>>> print(open('coords_22.txt').read())   # compact mmCIF, C-alpha atoms
# COMPACT_ATOMS: atom_id res chain seq x y z
CA MET D 42 -9.02 16.39 -24.85
CA ARG D 43 -7.48 13.19 -23.56
CA THR D 44 -9.60 10.19 -22.85
CA PRO D 45 -9.70 9.32 -19.15
CA ALA D 46 -7.02 6.81 -18.22
CA HIS D 47 -9.46 4.17 -17.08
CA THR D 48 -11.71 4.23 -20.11
CA HIS D 49 -9.39 3.33 -22.97
CA PRO D 50 -10.97 0.47 -24.89
CA ALA D 51 -8.93 -2.67 -24.37
CA ALA D 52 -6.87 -3.56 -27.42
CA ASP D 53 -7.93 -7.12 -26.89
CA ASP D 54 -10.66 -8.66 -24.73
CA ARG D 55 -8.04 -10.83 -23.07
CA LEU D 56 -6.44 -7.68 -21.75
CA GLY D 57 -9.61 -6.44 -20.07
CA GLY D 58 -8.68 -8.00 -16.74
CA LEU D 59 -5.22 -6.50 -16.88
CA LEU D 60 -6.75 -3.08 -17.48
CA ARG D 61 -8.92 -3.54 -14.39
CA ASN D 62 -5.94 -4.68 -12.32
CA ASP D 63 -7.90 -7.84 -11.68
CA PRO D 64 -5.70 -10.20 -9.62
CA ALA D 65 -7.11 -13.38 -11.17
CA SER D 66 -6.54 -12.08 -14.71
CA LEU D 67 -3.02 -11.01 -13.82
CA ARG D 68 -2.26 -14.42 -12.36
CA ALA D 69 -3.78 -16.17 -15.39
CA LEU D 70 -1.72 -14.03 -17.76
CA TYR D 71 1.39 -14.80 -15.75
CA THR D 72 0.92 -18.56 -15.58
CA ALA D 73 -0.13 -18.83 -19.22
CA HIS D 74 2.87 -17.01 -20.67
CA PHE D 75 5.75 -17.25 -18.22
CA GLY D 76 6.81 -20.75 -19.28
CA PRO D 77 8.20 -19.90 -22.76
CA VAL D 78 10.06 -16.89 -21.38
CA ARG D 79 11.53 -18.96 -18.57
CA ARG D 80 12.68 -21.66 -20.97
CA PHE D 81 14.27 -19.08 -23.26
CA VAL D 82 16.13 -17.33 -20.45
CA LEU D 83 17.29 -20.62 -18.88
CA ALA D 84 18.53 -21.77 -22.30
CA ASN D 85 20.56 -18.59 -22.58
CA SER D 86 22.55 -18.72 -19.36
CA GLY D 87 19.92 -17.00 -17.26
CA THR D 88 18.33 -18.07 -14.01
CA GLY D 89 14.77 -18.36 -12.85
CA ASP D 90 15.13 -14.98 -11.19
CA ASP D 91 16.36 -13.45 -14.45
CA ALA D 92 13.35 -14.91 -16.26
CA ARG D 93 11.01 -13.55 -13.64
CA ASP D 94 12.55 -10.08 -13.87
CA VAL D 95 12.33 -9.73 -17.65
CA PHE D 96 8.87 -11.26 -17.75
CA GLN D 97 7.54 -8.91 -15.09
CA GLU D 98 9.05 -5.99 -16.95
CA ALA D 99 7.30 -7.22 -20.10
CA ILE D 100 3.95 -7.39 -18.31
CA THR D 101 4.50 -3.87 -17.05
CA VAL D 102 5.10 -2.64 -20.61
CA LEU D 103 1.99 -4.50 -21.79
CA TRP D 104 -0.03 -2.95 -18.97
CA LEU D 105 1.12 0.57 -19.72
CA ARG D 106 0.50 0.17 -23.43
CA ALA D 107 -2.97 -1.21 -22.77
CA ARG D 108 -3.66 1.64 -20.38
CA GLU D 109 -2.44 4.24 -22.86
CA GLY D 110 -4.42 2.64 -25.66
CA THR D 111 -1.32 2.16 -27.81
CA LEU D 112 -1.59 -1.59 -28.34
CA ALA D 113 -2.34 -2.60 -31.90
CA SER D 114 -5.78 -4.08 -32.37
CA GLY D 115 -5.74 -7.85 -31.95
CA THR D 116 -2.39 -7.93 -30.18
CA ASP D 117 -1.64 -11.43 -28.89
CA PRO D 118 -0.58 -10.92 -25.26
CA GLY D 119 1.57 -14.07 -25.27
CA ALA D 120 3.52 -13.07 -28.38
CA PHE D 121 3.87 -9.52 -27.11
CA LEU D 122 5.17 -10.63 -23.70
CA PHE D 123 7.57 -13.15 -25.19
CA SER D 124 8.95 -10.63 -27.64
CA ILE D 125 9.50 -7.95 -25.02
CA ALA D 126 11.02 -10.36 -22.50
CA ARG D 127 13.22 -11.98 -25.13
CA ASN D 128 14.54 -8.63 -26.32
CA LYS D 129 15.20 -7.50 -22.79
CA TRP D 130 17.09 -10.66 -21.99
CA LEU D 131 19.10 -10.44 -25.21
CA ASP D 132 20.02 -6.87 -24.28
CA THR D 133 21.27 -8.20 -20.96
CA VAL D 134 23.17 -11.03 -22.59
CA ARG D 135 24.83 -8.61 -24.99
CA SER D 136 25.82 -6.27 -22.19
CA ALA D 137 29.42 -6.19 -20.99
CA ALA D 138 28.86 -8.61 -18.16
CA HIS D 139 27.44 -11.26 -20.45
CA ARG D 140 29.22 -10.68 -23.76
CA HIS D 141 30.88 -14.10 -23.78
CA MET D 142 27.60 -15.95 -23.73
CA ASN D 143 26.28 -17.80 -26.75
CA VAL D 144 22.68 -17.09 -27.60
CA VAL D 145 20.43 -20.07 -28.29
CA HIS D 146 17.77 -18.98 -30.73
CA ASP D 147 14.29 -20.09 -29.91
CA GLN D 148 12.00 -21.76 -32.41
CA ARG D 149 8.95 -19.81 -31.36
CA SER D 150 7.59 -17.47 -33.96
CA HIS D 151 7.08 -13.92 -32.84
CA PRO D 152 6.62 -10.59 -34.56
CA ALA D 153 9.87 -8.88 -35.44
CA ALA D 154 8.98 -5.58 -33.83
CA VAL D 155 5.93 -5.41 -31.60
CA GLU D 156 7.52 -2.80 -29.39
CA PRO D 157 8.24 0.55 -31.03
CA ASP D 158 10.82 2.65 -29.26
CA ASP D 159 8.58 5.52 -28.27
CA GLY D 160 9.89 6.18 -24.79
CA VAL D 161 7.83 3.64 -22.87
CA GLU D 162 10.86 2.84 -20.70
CA GLU D 163 11.28 6.49 -19.83
CA ARG D 164 7.60 6.81 -18.98
CA LEU D 165 7.78 3.77 -16.72
CA ALA D 166 10.87 5.17 -15.01
CA ARG D 167 9.08 8.46 -14.47
CA LEU D 168 6.02 6.77 -12.97
CA ARG D 169 8.23 4.64 -10.71
CA ALA D 170 10.04 7.75 -9.51
CA ILE D 171 6.71 9.34 -8.63
CA TYR D 172 5.62 6.25 -6.68
CA GLU D 173 8.95 6.19 -4.83
CA GLN D 174 8.08 9.53 -3.28
CA LEU D 175 5.15 8.06 -1.39
CA ASP D 176 5.72 6.92 2.16
CA ASP D 177 4.42 3.59 3.39
CA LYS D 178 1.30 4.93 5.01
CA CYS D 179 0.22 6.71 1.84
CA ARG D 180 0.95 3.62 -0.25
CA THR D 181 -1.20 1.57 2.11
CA VAL D 182 -4.24 3.70 1.37
CA LEU D 183 -3.60 4.78 -2.23
CA ASP D 184 -2.73 1.28 -3.46
CA ARG D 185 -5.99 -0.06 -2.17
CA PHE D 186 -8.03 2.76 -3.67
CA TYR D 187 -6.39 3.29 -7.07
CA PHE D 188 -4.86 -0.12 -7.83
CA GLU D 189 -7.12 -2.57 -6.04
CA ARG D 190 -10.13 -0.33 -6.79
CA LYS D 191 -11.59 -0.83 -3.34
CA ASP D 192 -14.11 1.68 -2.09
CA LEU D 193 -13.47 3.92 0.88
CA ALA D 194 -15.74 1.89 3.18
CA ALA D 195 -13.87 -1.35 2.44
CA ILE D 196 -10.48 0.28 3.02
CA ALA D 197 -11.73 1.87 6.23
CA GLN D 198 -12.90 -1.50 7.47
CA GLU D 199 -9.61 -3.20 6.60
CA LEU D 200 -7.55 -0.56 8.36
CA GLY D 201 -9.92 -0.18 11.30
CA VAL D 202 -10.55 3.53 10.77
CA GLU D 203 -13.48 5.67 9.69
CA GLU D 204 -14.34 6.16 6.04
CA GLU D 205 -13.95 9.92 6.40
CA SER D 206 -10.43 9.43 7.71
CA ILE D 207 -9.49 7.38 4.66
CA ARG D 208 -10.93 10.06 2.40
CA THR D 209 -8.86 12.68 4.18
CA ILE D 210 -5.70 10.58 4.14
CA LYS D 211 -6.11 9.93 0.43
CA TYR D 212 -6.47 13.62 -0.34
CA ARG D 213 -3.53 14.58 1.84
CA CYS D 214 -1.29 11.90 0.33
CA MET D 215 -2.11 13.00 -3.21
CA MET D 216 -1.48 16.63 -2.32
CA LYS D 217 1.78 15.68 -0.60
CA LEU D 218 2.85 13.93 -3.79
CA ARG D 219 1.90 16.99 -5.81
CA ALA D 220 3.88 19.28 -3.51
CA GLN D 221 6.95 17.01 -3.57
CA ARG D 222 6.95 16.94 -7.35
CA GLY D 223 6.64 20.70 -7.50
CA ALA D 224 9.50 21.06 -5.03
CA ILE D 225 11.90 18.96 -7.08
CA GLY D 226 10.86 20.58 -10.38
CA GLY D 227 9.62 17.35 -11.89
CA ASP D 228 6.19 18.61 -12.67
CA ASP D 229 5.88 19.12 -16.39
CA HIS D 230 2.14 19.62 -16.22
CA ASP D 231 2.33 22.69 -14.06
CA ARG D 232 4.44 24.61 -16.51
CA PRO D 233 2.57 27.39 -18.27
CA MET V 33 -2.52 29.13 -14.57
CA SER V 34 -2.61 28.65 -10.86
CA HIS V 35 0.06 26.50 -9.22
CA SER V 36 -1.85 26.15 -5.99
CA ALA V 37 -3.09 22.75 -4.92
CA PRO V 38 -6.74 22.05 -5.68
CA ASP V 39 -9.13 21.99 -2.76
CA ARG V 40 -10.68 18.68 -1.88
CA PRO V 41 -13.93 19.08 -3.86
CA THR V 42 -11.95 19.99 -6.99
CA PHE V 43 -9.53 17.12 -6.47
CA GLU V 44 -12.39 14.69 -6.00
CA ALA V 45 -14.12 15.96 -9.14
CA ILE V 46 -10.89 15.41 -11.08
CA GLU V 47 -10.54 11.99 -9.52
CA ALA V 48 -14.10 11.02 -10.42
CA TYR V 49 -13.45 12.17 -13.99
CA VAL V 50 -10.20 10.27 -14.37
CA LEU V 51 -11.64 7.14 -12.77
CA ASP V 52 -14.75 7.41 -14.96
CA ARG V 53 -17.07 7.62 -11.99
CA MET V 54 -19.15 10.55 -13.20
CA GLY V 55 -22.66 10.37 -14.56
CA SER V 56 -23.13 11.52 -18.13
CA GLU V 57 -24.49 14.96 -17.19
CA GLU V 58 -21.82 15.55 -14.60
CA ARG V 59 -19.15 14.47 -17.07
CA ALA V 60 -20.48 16.77 -19.76
CA ALA V 61 -20.51 19.70 -17.35
CA PHE V 62 -16.99 18.90 -16.18
CA GLU V 63 -15.73 18.65 -19.75
CA ARG V 64 -17.27 22.04 -20.59
CA ARG V 65 -15.46 23.52 -17.62
CA LEU V 66 -12.28 21.69 -18.62
CA ALA V 67 -12.38 23.00 -22.18
CA GLY V 68 -12.09 26.60 -21.04
CA ASP V 69 -9.70 26.15 -18.15
CA PRO V 70 -6.06 25.37 -18.98
CA ALA V 71 -5.16 25.21 -15.29
CA LEU V 72 -7.76 22.53 -14.74
CA GLN V 73 -6.51 20.65 -17.81
CA ALA V 74 -3.01 20.67 -16.35
CA GLU V 75 -4.32 19.52 -12.99
CA VAL V 76 -6.24 16.65 -14.60
CA ALA V 77 -3.11 15.55 -16.47
CA LEU V 78 -1.03 15.74 -13.29
CA GLU V 79 -3.48 13.80 -11.13
CA ARG V 80 -3.96 11.24 -13.89
CA GLU V 81 -0.23 10.62 -13.93
CA HIS V 82 -0.11 10.36 -10.14
CA MET V 83 -2.91 7.80 -10.13
CA LEU V 84 -1.20 5.86 -12.89
CA ALA V 85 2.02 5.88 -10.85
CA VAL V 86 0.16 4.46 -7.85
CA GLU V 87 -1.38 1.77 -10.03
CA LEU V 88 2.02 0.87 -11.45
CA GLY V 89 3.34 0.52 -7.90
CA GLY V 90 0.47 -1.81 -7.08
CA LEU V 91 1.00 -3.78 -10.27
CA GLN V 92 4.66 -4.34 -9.47
CA ARG V 93 3.80 -5.46 -5.95
CA SER V 94 1.26 -7.94 -7.32
CA LEU V 95 3.67 -9.21 -9.97
CA LYS V 96 6.34 -9.78 -7.37
CA ALA V 97 3.93 -11.84 -5.25
CA ILE V 98 2.77 -13.89 -8.23
CA GLY V 99 6.36 -14.32 -9.48
CA ASP V 100 7.60 -15.55 -6.13
CA ALA V 101 4.76 -18.08 -5.97
CA GLU V 102 5.39 -19.15 -9.57
CA LEU V 103 9.09 -19.72 -8.98
CA ARG V 104 8.33 -21.78 -5.90
CA ARG V 105 5.81 -23.81 -7.86
CA GLY V 106 7.75 -24.42 -11.06
CA GLY V 107 11.34 -23.42 -10.43
CA GLY V 108 14.38 -25.63 -9.82
CA SER V 109 12.85 -29.02 -10.46
CA ALA V 110 16.14 -30.81 -9.73
CA TRP V 111 16.06 -29.42 -6.23
CA GLY V 112 12.30 -29.67 -5.77
CA GLY V 113 12.30 -33.02 -3.93
CA PRO V 114 15.18 -32.42 -1.50
CA LEU V 115 13.97 -28.88 -0.86
CA ARG V 116 10.52 -30.15 0.03
CA TYR V 117 12.02 -32.57 2.60
CA ALA V 118 14.24 -29.83 3.95
CA ALA V 119 11.25 -27.53 4.22
CA GLY V 120 9.33 -30.21 6.13
CA ILE V 121 12.18 -30.70 8.59
CA ALA V 122 12.56 -26.95 8.97
CA LEU V 123 8.84 -26.67 9.67
CA LEU V 124 9.03 -29.32 12.41
CA LEU V 125 12.06 -27.63 13.95
CA GLY V 126 10.27 -24.32 13.72
CA VAL V 127 7.22 -25.65 15.55
CA ALA V 128 9.42 -27.12 18.28
CA LEU V 129 11.36 -23.89 18.63
CA TRP V 130 8.16 -21.86 18.72
CA TRP V 131 6.80 -24.08 21.50
CA MET V 132 9.96 -23.70 23.55
CA MET V 133 10.33 -19.99 22.94
CA ARG V 134 6.70 -18.85 22.85
CA PRO V 135 5.87 -15.78 24.94
CA PRO V 136 4.99 -16.21 28.63
CA ALA V 137 1.35 -16.55 29.67
CA HIS V 138 0.86 -12.90 30.60
CA GLU V 139 2.06 -11.71 27.16
CA ARG V 140 -0.20 -14.21 25.42
CA LEU V 141 -3.12 -12.98 27.51
CA PHE V 142 -2.31 -9.40 26.60
CA ALA V 143 -2.27 -10.32 22.93
CA ALA V 144 -5.59 -12.13 23.28
CA HIS V 145 -7.37 -9.20 24.94
CA PHE V 146 -5.68 -6.15 23.46
CA THR V 147 -7.34 -4.19 20.66
CA PRO V 148 -5.68 -0.86 19.91
CA ASP V 149 -7.83 2.20 20.40
CA PRO V 150 -9.04 3.18 16.91
CA GLY V 151 -8.37 6.89 17.48
CA LEU V 152 -10.62 9.82 16.71
CA PRO V 153 -12.17 10.55 13.32
CA VAL V 154 -10.03 12.76 11.13
CA ALA V 155 -12.17 15.44 9.56
CA MET V 156 -11.05 17.92 6.93
CA SER V 157 -13.21 20.59 8.48
CA ALA V 158 -11.12 20.60 11.64
CA ALA V 159 -8.71 23.09 10.12
CA ASP V 160 -7.81 24.55 13.51
CA ASP V 161 -6.65 21.14 14.71
CA HIS V 162 -4.64 20.28 11.65
CA ALA V 163 -1.54 19.31 13.64
CA PHE V 164 -3.55 17.06 15.95
CA HIS V 165 -5.31 15.35 13.08
CA ASP V 166 -2.11 14.99 11.12
CA ALA V 167 -0.69 13.05 14.06
CA MET V 168 -3.94 11.09 14.30
CA VAL V 169 -3.53 10.04 10.67
CA ALA V 170 -0.06 8.72 11.53
CA TYR V 171 -1.50 6.92 14.58
CA LYS V 172 -4.23 5.26 12.55
CA LEU V 173 -1.69 4.00 10.05
CA GLY V 174 0.57 2.56 12.74
CA GLU V 175 3.24 5.27 12.57
CA HIS V 176 3.28 5.56 16.34
CA ASP V 177 6.63 7.26 16.81
CA GLU V 178 5.63 9.96 14.33
CA ALA V 179 2.31 10.44 16.12
CA ILE V 180 4.00 10.64 19.53
CA ALA V 181 6.52 13.20 18.27
CA LYS V 182 3.78 15.41 16.83
CA TRP V 183 1.50 15.16 19.85
CA SER V 184 4.40 15.72 22.26
CA ALA V 185 5.18 18.98 20.47
CA GLN V 186 1.58 20.08 20.95
CA LEU V 187 1.59 18.99 24.57
CA LYS V 188 4.21 21.64 25.32
CA GLU V 189 1.54 24.22 24.47
CA GLU V 190 -1.23 22.39 26.32
CA PRO V 191 0.36 20.25 29.05
CA SER V 192 -2.96 19.39 30.70
CA ASN V 193 -4.70 18.26 27.50
CA ASP V 194 -6.01 14.79 28.41
CA THR V 195 -6.74 13.89 24.77
CA LEU V 196 -3.08 14.35 23.84
CA ARG V 197 -1.87 12.50 26.92
CA PHE V 198 -4.27 9.60 26.39
CA TYR V 199 -3.33 9.10 22.76
CA ILE V 200 0.39 9.39 23.45
CA GLY V 201 -0.15 6.61 26.01
CA CYS V 202 -2.08 4.55 23.46
CA ALA V 203 0.63 5.08 20.85
CA GLU V 204 3.30 3.97 23.34
CA LEU V 205 1.26 0.85 24.12
CA ASN V 206 0.69 0.09 20.45
CA ALA V 207 4.42 0.51 19.85
CA GLY V 208 5.13 -2.11 22.51
CA ARG V 209 6.47 0.25 25.20
CA SER V 210 4.23 -0.80 28.07
CA THR V 211 6.13 0.91 30.87
CA LYS V 212 5.94 4.30 29.15
CA ALA V 213 2.29 3.66 28.32
CA VAL V 214 1.48 3.13 31.99
CA THR V 215 3.08 6.44 32.97
CA TRP V 216 0.84 8.25 30.47
CA LEU V 217 -2.35 6.29 31.04
CA MET V 218 -2.50 5.98 34.82
CA PRO V 219 -2.88 9.74 35.49
CA ILE V 220 -5.69 9.89 32.93
CA ALA V 221 -7.39 6.90 34.56
CA GLU V 222 -7.42 8.87 37.82
CA LEU V 223 -8.43 12.17 36.22
CA PRO V 224 -11.93 13.16 37.38
CA GLY V 225 -14.25 14.03 34.54
CA SER V 226 -11.94 12.94 31.73
CA ALA V 227 -13.75 11.36 28.81
CA PHE V 228 -10.77 9.02 28.46
CA ALA V 229 -10.60 7.83 32.09
CA VAL V 230 -12.49 4.57 31.47
CA LYS V 231 -10.41 3.46 28.52
CA ALA V 232 -7.18 4.72 30.10
CA ARG V 233 -7.75 2.44 33.12
CA TRP V 234 -8.35 -0.58 30.87
CA TYR V 235 -5.29 0.09 28.74
CA ALA V 236 -3.15 0.78 31.81
CA PHE V 237 -4.29 -2.59 33.19
CA LEU V 238 -3.38 -4.33 29.95
CA ALA V 239 -0.01 -2.56 29.86
CA LEU V 240 0.75 -3.84 33.36
CA VAL V 241 -0.26 -7.35 32.30
CA ARG V 242 1.99 -7.17 29.28
CA GLN V 243 5.02 -6.06 31.29
CA GLY V 244 4.38 -8.86 33.76
CA ASP V 245 3.65 -6.61 36.72
CA LEU V 246 0.73 -8.74 37.80
CA THR V 247 0.71 -7.45 41.37
CA ALA V 248 0.10 -3.92 40.14
CA ALA V 249 -2.44 -5.17 37.60
CA ARG V 250 -4.43 -7.00 40.31
CA ALA V 251 -4.23 -3.95 42.57
CA LEU V 252 -5.76 -1.63 39.99
CA PRO V 253 -9.34 -1.04 41.17
CA PHE V 254 -12.17 -1.83 38.77
CA PRO V 255 -15.59 -1.25 40.40
CA GLU V 256 -18.35 -3.68 39.44
CA ASP V 257 -20.03 -1.05 37.25
CA HIS V 258 -16.84 -0.23 35.32
CA PRO V 259 -17.44 -1.05 31.62
CA TYR V 260 -14.30 -3.19 31.51
CA ALA V 261 -14.77 -4.94 34.88
CA GLY V 262 -15.92 -8.21 33.27
CA ARG V 263 -12.96 -8.37 30.90
CA VAL V 264 -10.53 -7.54 33.70
CA LYS V 265 -11.99 -10.38 35.75
CA ALA V 266 -11.60 -12.76 32.80
CA VAL V 267 -7.93 -11.81 32.34
CA LEU V 268 -7.20 -12.22 36.05
CA ASN V 269 -8.93 -15.61 36.10
CA ASP V 270 -6.77 -16.78 33.20
CA LEU V 271 -3.67 -15.61 35.01
CA ARG V 272 -4.31 -17.86 38.00
>>> encode(input="coords_22.txt", output="structure tokens")
Amino acid sequence: MRTPAHTHPAADDRLGGLLRNDPASLRALYTAHFGPVRRFVLANSGTGDDARDVFQEAITVLWLRAREGTLASGTDPGAFLFSIARNKWLDTVRSAAHRHMNVVHDQRSHPAAVEPDDGVEERLARLRAIYEQLDDKCRTVLDRFYFERKDLAAIAQELGVEEESIRTIKYRCMMKLRAQRGAIGGDDHDRP
Amino acid sequence: MSHSAPDRPTFEAIEAYVLDRMGSEERAAFERRLAGDPALQAEVALEREHMLAVELGGLQRSLKAIGDAELRRGGGSAWGGPLRYAAGIALLLGVALWWMMRPPAHERLFAAHFTPDPGLPVAMSAADDHAFHDAMVAYKLGEHDEAIAKWSAQLKEEPSNDTLRFYIGCAELNAGRSTKAVTWLMPIAELPGSAFAVKARWYAFLALVRQGDLTAARALPFPEDHPYAGRVKAVLNDLR
């Protein structure tokens, strides 16, 4: 039996906040580790926006790995993020549009391979495709409940509706998502 | 296994399990049930993935907000100084423009006094009124055109239903279409015995204020014992 998604032990205590979707922890992680990535991308013909994109993608990978419990024990979040972001930017640089660029190698030490190719990109793409099916009103409620971890009473107060209404909306939105996935045949779990 | 959607109690049990919000006994009982029920196992996996997808969406939204702030804070140092001056000048120009182009007094008064009607509670047990409550969900989330379309379809079956007519009027008002709102709300305000008559009169008054038809707004009778009489008086005093 699989362990519930929200109860995987954090691979590192520093990742506990990220696992809880805690805004302060997320911001701290961002500000602590964005600088090296930004410098690397800027030194390799990228822009601030490029740096932001690869760094955010790296955090997303870190988050999913932490959530799935597939981070190695004692993983250094900074080294992990730098390695992922660096590799992503190098992939971009080596792509057709950027093949004439010269890569400036950074002096920072980082593990050679902290990111095994086990389909994490495909899983992220799949999850993003699921989220894309939600309309704005469902996102408004579901984001607050599942991501921000607010209780029904708090959401009801914020949106100026009754708690029971939020409970109903949440159920309907999740069932709508389920029905949409079934309709497009993207529901692996429902197959016998 | 069954492909039908779980009912709400089952969904909420799955949710509590995935979110680790079950007590130890409840969890043990759920896991015993889970062990012998492949359909439930599949449903747990599916809902877990859906919840993870929602969390990922939230994470990306948060990262974007943090990233934008971070770039503003640390990005483009060579341009930081001139951009700050430019931003200051733009702010001053913006304030001046806002002052010159701010809404007229009656619209500001409307904004100061208007609170949208919160709508009726949406209960799962009201299975017979599913269409009405579905529209009410849209209304509560600010999807007013969707709510109006759904209620209008129902109104064809029940043209005298004052609940439908009142909430269509409210949705029109919330959507900023005051003239249409008045045409829906005024008949309800005059409807003897309607539970919505009191609020319909108040919202019709506010709609008239918003559209600048102050003569009609002043002419709308509000007896001394009307629950909104004091607020109407306050608005009219401010309009003088």
>>> residues_around(input="coords_22.txt", residues="Ala92 of chain D", least_positions_apart="2", cutoff="10 Å", atoms="only C-alpha atoms", output="list in words")
Phe75, Gly76, Pro77, Val78, Arg79, Arg80, Phe81, Val82, Leu83, Gly87, Thr88, Gly89, Asp90, Asp94, Val95, Phe96, Gln97, Glu98, Ala126, Arg127 and Trp130 of chain D; Gly99 and Leu103 of chain V
>>> write_last_selection(input="coords_22.txt", atoms="C-alpha atoms", output="mmCIF file, keeping the file's coordinate frame")
data_model
loop_
_atom_site.group_PDB
_atom_site.id
_atom_site.type_symbol
_atom_site.label_atom_id
_atom_site.label_comp_id
_atom_site.auth_asym_id
_atom_site.auth_seq_id
_atom_site.Cartn_x
_atom_site.Cartn_y
_atom_site.Cartn_z
ATOM 1 C CA PHE D 75 5.750 -17.250 -18.220
ATOM 2 C CA GLY D 76 6.810 -20.750 -19.280
ATOM 3 C CA PRO D 77 8.200 -19.900 -22.760
ATOM 4 C CA VAL D 78 10.060 -16.890 -21.380
ATOM 5 C CA ARG D 79 11.530 -18.960 -18.570
ATOM 6 C CA ARG D 80 12.680 -21.660 -20.970
ATOM 7 C CA PHE D 81 14.270 -19.080 -23.260
ATOM 8 C CA VAL D 82 16.130 -17.330 -20.450
ATOM 9 C CA LEU D 83 17.290 -20.620 -18.880
ATOM 10 C CA GLY D 87 19.920 -17.000 -17.260
ATOM 11 C CA THR D 88 18.330 -18.070 -14.010
ATOM 12 C CA GLY D 89 14.770 -18.360 -12.850
ATOM 13 C CA ASP D 90 15.130 -14.980 -11.190
ATOM 14 C CA ASP D 94 12.550 -10.080 -13.870
ATOM 15 C CA VAL D 95 12.330 -9.730 -17.650
ATOM 16 C CA PHE D 96 8.870 -11.260 -17.750
ATOM 17 C CA GLN D 97 7.540 -8.910 -15.090
ATOM 18 C CA GLU D 98 9.050 -5.990 -16.950
ATOM 19 C CA ALA D 126 11.020 -10.360 -22.500
ATOM 20 C CA ARG D 127 13.220 -11.980 -25.130
ATOM 21 C CA TRP D 130 17.090 -10.660 -21.990
ATOM 22 C CA GLY V 99 6.360 -14.320 -9.480
ATOM 23 C CA LEU V 103 9.090 -19.720 -8.980
#
>>> atom_distance(input="coords_22.txt", atom1="atom CA of Asp132 of chain D", atom2="atom CA of Ala166 of chain D")
17.7 Å
>>> closest_atom_pairs(input="coords_22.txt", of="chain V", to="chain D", cutoff="6 Å", atoms="all atoms listed in the file", output="JSON lines")
{"residue": "V:Val50", "atom": "CA", "partner": "D:Pro45", "partner_atom": "CA", "distance": 4.9}
{"residue": "V:Leu51", "atom": "CA", "partner": "D:His47", "partner_atom": "CA", "distance": 5.7}
{"residue": "V:Ala74", "atom": "CA", "partner": "D:His230", "partner_atom": "CA", "distance": 5.3}
{"residue": "V:Leu78", "atom": "CA", "partner": "D:His230", "partner_atom": "CA", "distance": 5.8}
{"residue": "V:Ala85", "atom": "CA", "partner": "D:Leu168", "partner_atom": "CA", "distance": 4.6}
{"residue": "V:Val86", "atom": "CA", "partner": "D:Tyr172", "partner_atom": "CA", "distance": 5.9}
{"residue": "V:Glu87", "atom": "CA", "partner": "D:Phe188", "partner_atom": "CA", "distance": 4.5}
{"residue": "V:Gly90", "atom": "CA", "partner": "D:Phe188", "partner_atom": "CA", "distance": 5.6}
{"residue": "V:Pro153", "atom": "CA", "partner": "D:Ser206", "partner_atom": "CA", "distance": 6.0}
{"residue": "V:Val154", "atom": "CA", "partner": "D:Ser206", "partner_atom": "CA", "distance": 4.8}
{"residue": "V:Leu173", "atom": "CA", "partner": "D:Lys178", "partner_atom": "CA", "distance": 5.9}
>>> write_last_selection(input="coords_22.txt", atoms="C-alpha atoms", output="PDB file, keeping the file's coordinate frame")
ATOM      1  CA  VAL V  50     -10.200  10.270 -14.370  1.00  0.00           C
ATOM      2  CA  LEU V  51     -11.640   7.140 -12.770  1.00  0.00           C
ATOM      3  CA  ALA V  74      -3.010  20.670 -16.350  1.00  0.00           C
ATOM      4  CA  LEU V  78      -1.030  15.740 -13.290  1.00  0.00           C
ATOM      5  CA  ALA V  85       2.020   5.880 -10.850  1.00  0.00           C
ATOM      6  CA  VAL V  86       0.160   4.460  -7.850  1.00  0.00           C
ATOM      7  CA  GLU V  87      -1.380   1.770 -10.030  1.00  0.00           C
ATOM      8  CA  GLY V  90       0.470  -1.810  -7.080  1.00  0.00           C
ATOM      9  CA  PRO V 153     -12.170  10.550  13.320  1.00  0.00           C
ATOM     10  CA  VAL V 154     -10.030  12.760  11.130  1.00  0.00           C
ATOM     11  CA  LEU V 173      -1.690   4.000  10.050  1.00  0.00           C
TER      12      LEU V 173
END
>>> axis_aligned_box(input="coords_22.txt", around="segment 210-221 of chain V", padding_each_side="3 Å", output="AutoDock Vina command-line options")
--center_x -0.6 --center_y 4.5 --center_z 31.8 --size_x 19.5 --size_y 16.7 --size_z 13.4
>>> atom_distance(input="coords_22.txt", atom1="atom CA of His176 of chain V", atom2="atom CA of Trp216 of chain V")
14.6 Å
>>> closest_residue(input="coords_22.txt", among="D:Ala65, D:Leu131, D:Gly119, D:Gly58", to="Asp91 of chain D", atoms="all atoms listed in the file")
D:Leu131
>>> closest_residue(input="coords_22.txt", among="D:Ser66, D:Gly160, D:Pro118, D:Thr133", to="Ser94 of chain V", atoms="only C-alpha atoms")
D:Ser66
>>> atom_distance(input="coords_22.txt", atom1="atom CA of Ala261 of chain V", atom2="atom CA of Ala232 of chain V")
13.2 Å
>>> residues_around(input="coords_22.txt", residues="segment 234-244 of chain V", least_positions_apart="5", cutoff="7 Å", atoms="all atoms listed in the file", output="list in words")
His138, Glu139, Phe142, Leu205, Ser210, Ala213, Val214, Leu217, Met218, Ala249 and Tyr260 of chain V
>>> residues_around(input="coords_22.txt", residues="Cys202 of chain V", least_positions_apart="4", cutoff="7 Å", atoms="all atoms listed in the file", output="count of residues only")
4
